[in-house]
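S.K.: Structure provided below as structure tokens; questions to follow.
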Amino acid sequence: MSMVVLETRSLLKRFGGITPTNDVTVRVYKGARHALIGPNGAGKTTLINLLTGVLEPTSGSIWLDGHDITQLAAHLRVRRGIVRTFQINQLFSELTPAQSLALTVSAQLGISGGWWKPLGADPRVAPACEKLLAQFHLMDVMNQRVKHLAYGKRRLLEIATALACEPRVLLLDEPVAGVPEGERQEIFDIVNALPADVSVLLIEHDMDLVFNFAKSVTVLVSGAVFAEGDVQAITNDPRVKAVYLGEGDGGGS
Amino acid sequence: MLTLLFDGIAYGMLLFVLAVGLAVTLGLMNFINLAHGAFAMAGGYITVLAMSRLGMPFLLCLPLAFIGTALLGALLEPTLYRRMYARPHLDQVLFSIGLVFMAVTGVDYLVGSMQQNIQLPAWLKGRFDFEWVGIGKYRSFIIVVCGVLTVALQWVLATTRFGSQLRASVDDPRVASGLGLNVNRIFLLTFAVGSGLAGLGGALGAEVLGPDPTFPLKFMIYFLIVVSVGGTTTLTGPLLAALLLGIADVAGKYYVPKLGAFIVYTLMIVILLIRPQGLFARAGGGK
Amino acid sequence: MTAVAQSLRAHAAWRWWELALIAALPVSWLLLPSHALLFNEIAILALFALSLDLILGYAGVVSLGHAAFFGIGSYAAALFAKLVMPDPLVGMVVAVATSAAFGALCSVLILRGTDLTRLMVTLGVASILYELANKLDWLTGGADGLQGVVIGPLPGQFEFDLAGRTAYAYTLAVLIACLLLVRKLVHSPFGYSLQALRDNRLRAGSIGLSVNTRLVVVYTVASAIAGAAGALLAQTSGFASLDVFEFHRSAEVLLVLVIGGTGYLYGGIFGAIVFKLLHDLISAWTPQYWNFWFGLFLVVLMLVGREKLMKPWAWFGAKR
């Protein structure tokens, strides 16, 4: 029985008059390939925001490796290995991919506060960047400012940046959103090639992708856990299908 | 003490009328218009000049000031301001600072920098003397007029069609225009009315504040305090902030004259420190 | 060396025009002694603008009250010379330390909130200081300014002469030292992390950067440098007055930086040169209404777009 790496206990978030996260208890096991699905507005991104510390919960708790991290600041959670990607690219528009990744790698190495030597002077930085740029096919654009890059490349950089943080738990928020069909597999190949001890939580709409990638699934509806189980059981569950049928076909975001 | 309170309320209500245009402009167009005070100054000068050169009665000058500055606003919005809406805040700030400098020096050139004093009509001079408090007639007049304006504004926003169109555009301009609302026209009208109100406030307050060319700069920070503390999503927020500011300023200058405006600035900083989105803003509002 | 390592290194390398510029500074002192006073003013303004570039161009913090720290440095240096000892170097250290401390204190105010909040708060702080300096006239001389400030000679017995040559040399030394220091800073991982939090604060936090700590540090450093500029003004003119806190000064330094261009380190210098020349030209023609043309210039510049002005300098800016 593998150990629980990340879990929430009765996590609740209420604001305005709505409750986007309603008493959610979810467990991510070490090495998991876990998908989080649900109709639009189910609260999936809110849950990610709560897990990463962007939002504060109204009640409930979040545990990492058996430690309560509910009060831990967002940037400190990253240092503990909880890393996410954003559904809408969040990049540094004036920097180049080389600089963005070099900064991220430096942050990961703990030298991002260094002010005397230039960025990249540390011999560990360039090789790590090189590896990521090659892996994500960004070598040819590595010196262009991010704001000039095409969408597909920006999406790749979005995920590369997350991987540069050496995640232990990777939270992917619709990683292939807006990416043309032909390029989607590229991204999933990279995610699939992640080390086995990295635990992945994936938000996704496309049921085919979920089926190909995930081993276990949680279904979120109106902020609450609707169903949970291994991917076979969930994709064949008539209740889950019913919940999705009202949304039109399950592909596209 | 009560007199102080009364004076503070009068000052606060005046500040509200002056600043409400700025609050709406910020909430609607997301534009930081530091030149807002220039419209108030224009209103003050229109009044002073109309009274001294044209011999117009004070009461008539008020709507004149409103219309005059509203027209000015209606002229400037589509020609100048509209081009700046999409720009970063820094550019907007510098742009409006530039306008202020132009306005201030322009008026200085045309009118001279001596403070012009207006003569209040006789029926506004003096006070109502009650047993425990003396209430200046002029200040009562201010409170009444501003009160009526506030109620009217609230009524327009809450019940008329234009009001709901305005509220929709403040909430989300893209969606609003997608729904067929002529957002440009709404912006224009709102800007004009906001400027007109500033002009009216400048006219009303001409005796209290004294129209002088440095008015926009001196009072810019007060208007900004009203807007940043009061928030831009409601009408009552800036109203309460203005009242708070008015009372604090009057009381501060009376009890601790050595420190003067110091108290107001400190209060603002403390408030913004605790609640950066303003005292009364809706959570998650605006940029 | 790999392509990545090369690319990173190239960004930090000295360009020829940087070296030329820095070499030109002492050359100007040598070759044009009659203009020393003017150049001194320009250099002080350039230093002030450099400090603003750090928080505005690199960290993305909009400030309408940066003059607060300029003023603190100015009064600190003047008061120190008047009340404690006239040595300018010790006075400089004291002024820098004072404005840095104040900057660290104020940095708490700019951490949260929107652009408008930051504008208000920075404006508020500068206004408070103005009021304070005005009201505490037993200390500051109030509206008349601080009189009777005598600055001692620099080491090696260099007295501050009326022609301003010593002053300019002194200012240049401080300017170049700060420039080199800031250059190191902006090319370091810390410097890039500032740009990251300017470009996308959310993402900066999401890669593990501590946003608040960085803001405090950069604001403190920028305040220290602004304080140095203010101290230079006080020391080279032997005088400190209320206008160091005025809104006009904060607006002016903003414009200087905008003219020269933000975020590439040398915008302050280019902007100061252009601004001062323009200012002297226009003031000679219409001294009373300089503000009008200043305002008009701002309006037109903003309407046309900052980037268009950058075109003549574009090849400097593009080489980032």
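Each chain in the structure tokens gets a letter, A, B and so on, in the order shown; residues start at 1 in every chain, and ligands are counted from 1 in the order they appear.
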If you count only C-alpha atoms, which residues fall within 10 Å of stretch 22-31 of chain C, apart from same-chain ones fewer than 2 positions away, as a list in words?
M.R.: Trp17, Glu18, Leu19, Ala20, Pro33, Ser34, His35, Ala36, Phe39, Asn40, Ala43, Arg165, Thr166, Tyr168, Ala169, Leu172, Ala173, Leu175, Ile176, Leu179 and Leu180 of chain C
S.K.: Just N, CA and C atoms for this one: save the residues we selected as a PDB file, in the first residue's frame.
M.R.:
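Done, and the output landed in again-v4.pdb:
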ATOM      1  N   TRP C  17      29.002  50.174 -25.723  1.00  0.00           N
ATOM      2  CA  TRP C  17      28.458  51.509 -25.463  1.00  0.00           C
ATOM      3  C   TRP C  17      28.338  51.786 -23.967  1.00  0.00           C
ATOM      4  N   GLU C  18      28.195  50.693 -23.168  1.00  0.00           N
ATOM      5  CA  GLU C  18      28.183  50.894 -21.720  1.00  0.00           C
ATOM      6  C   GLU C  18      29.528  51.430 -21.265  1.00  0.00           C
ATOM      7  N   LEU C  19      30.577  50.785 -21.754  1.00  0.00           N
ATOM      8  CA  LEU C  19      31.921  51.188 -21.366  1.00  0.00           C
ATOM      9  C   LEU C  19      32.190  52.607 -21.848  1.00  0.00           C
ATOM     10  N   ALA C  20      31.740  52.888 -23.064  1.00  0.00           N
ATOM     11  CA  ALA C  20      31.950  54.230 -23.617  1.00  0.00           C
ATOM     12  C   ALA C  20      31.259  55.269 -22.749  1.00  0.00           C
ATOM     13  N   PRO C  33      35.146  71.933 -17.914  1.00  0.00           N
ATOM     14  CA  PRO C  33      35.049  72.413 -16.532  1.00  0.00           C
ATOM     15  C   PRO C  33      34.054  73.539 -16.342  1.00  0.00           C
ATOM     16  N   SER C  34      33.788  74.314 -17.390  1.00  0.00           N
ATOM     17  CA  SER C  34      32.883  75.445 -17.199  1.00  0.00           C
ATOM     18  C   SER C  34      31.438  75.004 -16.992  1.00  0.00           C
ATOM     19  N   HIS C  35      31.136  73.772 -17.370  1.00  0.00           N
ATOM     20  CA  HIS C  35      29.760  73.292 -17.226  1.00  0.00           C
ATOM     21  C   HIS C  35      29.569  72.422 -16.005  1.00  0.00           C
ATOM     22  N   ALA C  36      30.577  72.444 -15.119  1.00  0.00           N
ATOM     23  CA  ALA C  36      30.545  71.493 -13.996  1.00  0.00           C
ATOM     24  C   ALA C  36      29.264  71.591 -13.183  1.00  0.00           C
ATOM     25  N   PHE C  39      26.425  69.947 -15.071  1.00  0.00           N
ATOM     26  CA  PHE C  39      26.619  68.500 -15.125  1.00  0.00           C
ATOM     27  C   PHE C  39      26.359  67.872 -13.772  1.00  0.00           C
ATOM     28  N   ASN C  40      26.723  68.607 -12.729  1.00  0.00           N
ATOM     29  CA  ASN C  40      26.493  68.098 -11.385  1.00  0.00           C
ATOM     30  C   ASN C  40      24.992  67.863 -11.155  1.00  0.00           C
ATOM     31  N   ALA C  43      23.870  64.871 -13.066  1.00  0.00           N
ATOM     32  CA  ALA C  43      24.324  63.603 -12.485  1.00  0.00           C
ATOM     33  C   ALA C  43      23.499  63.242 -11.257  1.00  0.00           C
ATOM     34  N   ARG C 165      33.685  72.137  -9.631  1.00  0.00           N
ATOM     35  CA  ARG C 165      34.467  71.010 -10.181  1.00  0.00           C
ATOM     36  C   ARG C 165      34.603  69.888  -9.169  1.00  0.00           C
ATOM     37  N   THR C 166      34.854  70.293  -7.930  1.00  0.00           N
ATOM     38  CA  THR C 166      34.975  69.259  -6.896  1.00  0.00           C
ATOM     39  C   THR C 166      33.645  68.544  -6.728  1.00  0.00           C
ATOM     40  N   TYR C 168      31.240  68.122  -8.835  1.00  0.00           N
ATOM     41  CA  TYR C 168      30.922  67.221  -9.939  1.00  0.00           C
ATOM     42  C   TYR C 168      31.731  65.938  -9.848  1.00  0.00           C
ATOM     43  N   ALA C 169      33.005  66.076  -9.492  1.00  0.00           N
ATOM     44  CA  ALA C 169      33.840  64.877  -9.366  1.00  0.00           C
ATOM     45  C   ALA C 169      33.289  63.959  -8.289  1.00  0.00           C
ATOM     46  N   LEU C 172      30.073  62.364  -9.498  1.00  0.00           N
ATOM     47  CA  LEU C 172      30.383  61.328 -10.489  1.00  0.00           C
ATOM     48  C   LEU C 172      30.872  60.051  -9.822  1.00  0.00           C
ATOM     49  N   ALA C 173      31.729  60.240  -8.820  1.00  0.00           N
ATOM     50  CA  ALA C 173      32.252  59.057  -8.136  1.00  0.00           C
ATOM     51  C   ALA C 173      31.112  58.248  -7.540  1.00  0.00           C
ATOM     52  N   LEU C 175      27.932  58.364  -8.400  1.00  0.00           N
ATOM     53  CA  LEU C 175      27.074  57.856  -9.467  1.00  0.00           C
ATOM     54  C   LEU C 175      27.647  56.587 -10.070  1.00  0.00           C
ATOM     55  N   ILE C 176      28.942  56.632 -10.391  1.00  0.00           N
ATOM     56  CA  ILE C 176      29.555  55.464 -11.027  1.00  0.00           C
ATOM     57  C   ILE C 176      29.575  54.276 -10.070  1.00  0.00           C
ATOM     58  N   LEU C 179      26.111  52.890  -9.984  1.00  0.00           N
ATOM     59  CA  LEU C 179      25.799  52.263 -11.265  1.00  0.00           C
ATOM     60  C   LEU C 179      26.395  50.861 -11.332  1.00  0.00           C
ATOM     61  N   LEU C 180      27.654  50.749 -10.952  1.00  0.00           N
ATOM     62  CA  LEU C 180      28.303  49.441 -10.994  1.00  0.00           C
ATOM     63  C   LEU C 180      27.631  48.460 -10.045  1.00  0.00           C
TER      64      LEU C 180
END
S.K.: Please identify all polymer residues within 10 Å of A:Ser2, counting only C-alpha atoms, omitting same-chain residues fewer than 3 positions from it, and present them as a PyMOL selection string.
M.R.: chain A and resi 5+28-32
S.K.: Which residues of chain A come within 12 Å of chain B, and for each one, what is the closest pair of atoms and their distance in Å to one decimal, counting only C-alpha atoms, sorted by chain and residue number, as a Markdown table?
M.R.:
| residue | atom | partner | partner_atom | distance |
| --- | --- | --- | --- | --- |
| A:Phe15 | CA | B:Ala283 | CA | 9.1 |
| A:Gly16 | CA | B:Ala283 | CA | 8.2 |
| A:Gly17 | CA | B:Ala283 | CA | 12.0 |
S.K.: Would you mind exporting the chosen residues as a JSON list (two decimals), in the first residue's frame, restricted to C-alpha atoms?
M.R.:
[["chain", "number", "residue", "atom", "x", "y", "z"],
["A", 15, "PHE", "CA", -16.79, 33.30, -0.38],
["A", 16, "GLY", "CA", -19.42, 35.73, -1.52],
["A", 17, "GLY", "CA", -22.44, 33.50, -1.39]]
S.K.: Given only C-alpha atoms, how would the per-residue table for chain C near chain A read, listing every residue at most 8 Å away with its closest atom pair and distance in Å to one decimal, sorted by chain and number, as CSV?
M.R.:
residue,atom,partner,partner_atom,distance
C:Thr2,CA,A:Ala126,CA,7.8
C:Val4,CA,A:Ala126,CA,5.9
C:Ala5,CA,A:Ala126,CA,5.2
C:Ser7,CA,A:Asn143,CA,7.3
C:Leu8,CA,A:Gly120,CA,5.9
C:Arg9,CA,A:Gly120,CA,7.0
C:Ala12,CA,A:Pro118,CA,6.5
C:Lys184,CA,A:Trp116,CA,5.8
C:Leu185,CA,A:Trp115,CA,5.1
C:Val186,CA,A:Trp115,CA,7.8
C:His187,CA,A:Pro118,CA,5.0
C:Ser188,CA,A:Pro118,CA,4.0
C:Pro189,CA,A:Leu119,CA,4.8
C:Phe190,CA,A:Gly113,CA,4.8
C:Gly191,CA,A:Trp115,CA,7.0
C:Tyr192,CA,A:Leu103,CA,6.8
C:Ser193,CA,A:Leu103,CA,6.8
C:Gln195,CA,A:Leu95,CA,7.9
C:Ala196,CA,A:Phe92,CA,5.8
C:Asp199,CA,A:Phe92,CA,5.1
C:Asn200,CA,A:Phe92,CA,5.8
C:Leu202,CA,A:Gln90,CA,7.7
C:Arg203,CA,A:Gln90,CA,6.0
C:Gly205,CA,A:His75,CA,5.0
C:Ser206,CA,A:His75,CA,5.9
C:Ile207,CA,A:Thr104,CA,6.2
C:Gly208,CA,A:His75,CA,4.2
C:Leu209,CA,A:His75,CA,5.9
C:Ser210,CA,A:His75,CA,6.1
S.K.: So, with only C-alpha atoms as the atoms that count, which of C:Leu47, C:Leu21, C:Arg214, C:Ala204 lies closest to C:Ala177?
M.R.: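 Result for the nearest residue to C:Ala177: C:Leu47.
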S.K.: Tell me the residues of chain B close to chain C, meaning within 6 Å using only C-alpha atoms, as number ranges by chain.
M.R.: B: 91, 95, 98-99, 101-102, 105, 262, 265, 269, 276
S.K.: Record the distance separating atom CA of B:Val107 and atom CA of B:Ala38, expressed in Å with one decimal.
M.R.: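 Between atom CA of B:Val107 and atom CA of B:Ala38 the gap is 9.8 Å.
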S.K.: What's the 12 Å shell around stretch 231-235 of chain B, counting only C-alpha atoms, without same-chain residues fewer than 5 positions away, as a PyMOL selection string?
M.R.: (chain B and resi 16-17+19-32+149-158+166-172+223-226+240-242+271-272+275-287) or (chain C and resi 113-114+116-117)
S.K.: Can you work out which one of B:Ala40, B:Leu34, B:Met51, B:Ala74 has the shortest atom-to-atom distance to B:Val193, counting only C-alpha atoms?
M.R.: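 The answer is B:Ala74, which sits nearest to B:Val193.
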S.K.: One decimal, in Å: what's the spacing between atom CA of A:Gly223 and atom CA of A:Glu174?
M.R.: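 Between atom CA of A:Gly223 and atom CA of A:Glu174 the gap is 17.5 Å.
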S.K.: Which residue, C:Ala3, C:Val149, C:Ile259, C:Ile225, has the smallest gap to C:Gly73 when you use only C-alpha atoms?
M.R.: C:Ile225
S.K.: Figure out the distance between atom CA of B:Leu267 and atom CA of C:Phe48, please, to one decimal in Å.
M.R.: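 Taking atom CA of C:Phe48 and atom CA of B:Leu267, their separation equals 28.6 Å.
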S.K.: To test your reading of the structure, identify every residue in stretch 50-184 of chain C that backbone DSSP assigns to alpha helix (DSSP H), and report it as JSON, numbers by chain.
M.R.: {"C": [50, 51, 52, 53, 67, 68, 69, 70, 71, 72, 73, 74, 75, 76, 77, 78, 79, 80, 81, 82, 83, 88, 89, 90, 91, 92, 93, 94, 95, 96, 97, 98, 99, 100, 101, 102, 103, 104, 105, 106, 107, 115, 116, 117, 118, 119, 120, 121, 122, 123, 124, 125, 126, 127, 128, 129, 130, 131, 132, 133, 134, 135, 137, 138, 139, 140, 165, 166, 167, 168, 169, 170, 171, 172, 173, 174, 175, 176, 177, 178, 179, 180, 181, 182, 183, 184]}
S.K.: Residues within 10 Å of B:Ala261, please, as JSON, numbers by chain. Count only C-alpha atoms; anything in the same chain fewer than 2 positions from it doesn't count.
M.R.: {"B": [222, 248, 249, 250, 252, 253, 256, 257, 258, 259, 263, 264, 265, 266], "C": [127, 128, 131, 132]}
S.K.: Please report, as a PDB file with N, CA and C atoms, in the first residue's frame, each residue of stretch 75-230 of chain A to which DSSP assigns strand (DSSP E) when run on this structure's backbone.
M.R.:
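Result file follows (states-v8.pdb):
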ATOM      1  N   ILE A  82       5.500  20.956  -3.900  1.00  0.00           N
ATOM      2  CA  ILE A  82       4.179  21.022  -4.539  1.00  0.00           C
ATOM      3  C   ILE A  82       4.249  22.072  -5.627  1.00  0.00           C
ATOM      4  N   VAL A  83       4.162  21.645  -6.869  1.00  0.00           N
ATOM      5  CA  VAL A  83       4.323  22.564  -7.994  1.00  0.00           C
ATOM      6  C   VAL A  83       3.113  22.452  -8.897  1.00  0.00           C
ATOM      7  N   ARG A  84       2.695  23.566  -9.488  1.00  0.00           N
ATOM      8  CA  ARG A  84       1.524  23.494 -10.368  1.00  0.00           C
ATOM      9  C   ARG A  84       1.801  24.188 -11.685  1.00  0.00           C
ATOM     10  N   VAL A 169       5.156  16.652  -6.032  1.00  0.00           N
ATOM     11  CA  VAL A 169       3.747  16.523  -6.371  1.00  0.00           C
ATOM     12  C   VAL A 169       3.471  17.552  -7.453  1.00  0.00           C
ATOM     13  N   LEU A 170       3.070  17.112  -8.611  1.00  0.00           N
ATOM     14  CA  LEU A 170       2.840  18.016  -9.737  1.00  0.00           C
ATOM     15  C   LEU A 170       1.346  18.148  -9.988  1.00  0.00           C
ATOM     16  N   LEU A 171       0.847  19.382  -9.951  1.00  0.00           N
ATOM     17  CA  LEU A 171      -0.572  19.629 -10.178  1.00  0.00           C
ATOM     18  C   LEU A 171      -0.710  20.286 -11.549  1.00  0.00           C
ATOM     19  N   LEU A 172      -1.280  19.551 -12.481  1.00  0.00           N
ATOM     20  CA  LEU A 172      -1.397  20.060 -13.844  1.00  0.00           C
ATOM     21  C   LEU A 172      -2.821  20.532 -14.094  1.00  0.00           C
ATOM     22  N   ASP A 173      -2.985  21.824 -14.354  1.00  0.00           N
ATOM     23  CA  ASP A 173      -4.324  22.349 -14.593  1.00  0.00           C
ATOM     24  C   ASP A 173      -4.553  22.457 -16.095  1.00  0.00           C
ATOM     25  N   SER A 199       4.400  12.320  -7.943  1.00  0.00           N
ATOM     26  CA  SER A 199       2.957  12.107  -7.933  1.00  0.00           C
ATOM     27  C   SER A 199       2.294  13.194  -8.753  1.00  0.00           C
ATOM     28  N   VAL A 200       1.390  12.798  -9.634  1.00  0.00           N
ATOM     29  CA  VAL A 200       0.778  13.766 -10.541  1.00  0.00           C
ATOM     30  C   VAL A 200      -0.724  13.820 -10.336  1.00  0.00           C
ATOM     31  N   LEU A 201      -1.230  15.037 -10.183  1.00  0.00           N
ATOM     32  CA  LEU A 201      -2.674  15.254 -10.138  1.00  0.00           C
ATOM     33  C   LEU A 201      -3.030  16.078 -11.365  1.00  0.00           C
ATOM     34  N   LEU A 202      -3.911  15.555 -12.182  1.00  0.00           N
ATOM     35  CA  LEU A 202      -4.194  16.180 -13.458  1.00  0.00           C
ATOM     36  C   LEU A 202      -5.638  16.629 -13.535  1.00  0.00           C
ATOM     37  N   ILE A 203      -5.850  17.911 -13.884  1.00  0.00           N
ATOM     38  CA  ILE A 203      -7.212  18.352 -14.190  1.00  0.00           C
ATOM     39  C   ILE A 203      -7.373  18.268 -15.693  1.00  0.00           C
ATOM     40  N   SER A 216      -6.123   6.562 -11.472  1.00  0.00           N
ATOM     41  CA  SER A 216      -7.246   6.766 -10.561  1.00  0.00           C
ATOM     42  C   SER A 216      -7.859   8.123 -10.825  1.00  0.00           C
ATOM     43  N   VAL A 217      -9.110   8.267 -10.447  1.00  0.00           N
ATOM     44  CA  VAL A 217      -9.856   9.478 -10.791  1.00  0.00           C
ATOM     45  C   VAL A 217     -10.708   9.941  -9.619  1.00  0.00           C
ATOM     46  N   THR A 218     -10.785  11.244  -9.450  1.00  0.00           N
ATOM     47  CA  THR A 218     -11.771  11.831  -8.545  1.00  0.00           C
ATOM     48  C   THR A 218     -12.690  12.701  -9.386  1.00  0.00           C
ATOM     49  N   VAL A 219     -13.983  12.573  -9.171  1.00  0.00           N
ATOM     50  CA  VAL A 219     -14.934  13.397  -9.894  1.00  0.00           C
ATOM     51  C   VAL A 219     -15.499  14.447  -8.948  1.00  0.00           C
ATOM     52  N   LEU A 220     -15.386  15.696  -9.370  1.00  0.00           N
ATOM     53  CA  LEU A 220     -15.837  16.805  -8.538  1.00  0.00           C
ATOM     54  C   LEU A 220     -17.077  17.415  -9.203  1.00  0.00           C
ATOM     55  N   VAL A 221     -18.141  17.580  -8.443  1.00  0.00           N
ATOM     56  CA  VAL A 221     -19.332  18.248  -8.978  1.00  0.00           C
ATOM     57  C   VAL A 221     -19.804  19.267  -7.949  1.00  0.00           C
ATOM     58  N   ALA A 224     -18.076  19.449  -4.566  1.00  0.00           N
ATOM     59  CA  ALA A 224     -17.974  18.299  -3.661  1.00  0.00           C
ATOM     60  C   ALA A 224     -17.542  17.052  -4.438  1.00  0.00           C
ATOM     61  N   VAL A 225     -16.970  16.111  -3.709  1.00  0.00           N
ATOM     62  CA  VAL A 225     -16.526  14.872  -4.352  1.00  0.00           C
ATOM     63  C   VAL A 225     -17.758  14.035  -4.704  1.00  0.00           C
ATOM     64  N   PHE A 226     -17.850  13.747  -5.985  1.00  0.00           N
ATOM     65  CA  PHE A 226     -19.030  13.039  -6.489  1.00  0.00           C
ATOM     66  C   PHE A 226     -18.766  11.546  -6.586  1.00  0.00           C
ATOM     67  N   ALA A 227     -17.583  11.222  -7.052  1.00  0.00           N
ATOM     68  CA  ALA A 227     -17.225   9.802  -7.182  1.00  0.00           C
ATOM     69  C   ALA A 227     -15.717   9.688  -7.186  1.00  0.00           C
ATOM     70  N   GLU A 228     -15.239   8.515  -6.840  1.00  0.00           N
ATOM     71  CA  GLU A 228     -13.794   8.308  -6.771  1.00  0.00           C
ATOM     72  C   GLU A 228     -13.489   6.850  -7.040  1.00  0.00           C
ATOM     73  N   GLY A 229     -12.366   6.594  -7.715  1.00  0.00           N
ATOM     74  CA  GLY A 229     -12.042   5.188  -7.919  1.00  0.00           C
ATOM     75  C   GLY A 229     -11.018   5.038  -9.026  1.00  0.00           C
ATOM     76  N   ASP A 230     -10.785   3.817  -9.453  1.00  0.00           N
ATOM     77  CA  ASP A 230      -9.801   3.658 -10.510  1.00  0.00           C
ATOM     78  C   ASP A 230     -10.443   4.017 -11.843  1.00  0.00           C
TER      79      ASP A 230
END
S.K.: List the neighbours of C:Val218 out to 9 Å using only C-alpha atoms; skip same-chain residues closer than 4 positions along the sequence, and give me the result as number ranges by chain.
M.R.: C: 54-55, 59, 107, 194, 213-214, 222-223
S.K.: Need the shell around A:Thr8: protein/DNA/RNA residues with any atom at most 7 Å away, counting only C-alpha atoms. Skip same-chain ones fewer than 6 positions apart. Format as a list in words?
M.R.: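 Counting only C-alpha atoms, the residues come to Val24, Thr25, Val26, Arg27, Ser61, Ile62 and Trp63 of chain A.
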S.K.: Of the candidates A:Gln185, A:Gln135, A:Asn40, A:Thr58, which shows the shortest atom-to-atom distance to A:Arg14, using only C-alpha atoms?
M.R.: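 Among A:Gln185, A:Gln135, A:Asn40, A:Thr58, it is A:Thr58 that comes nearest to A:Arg14.
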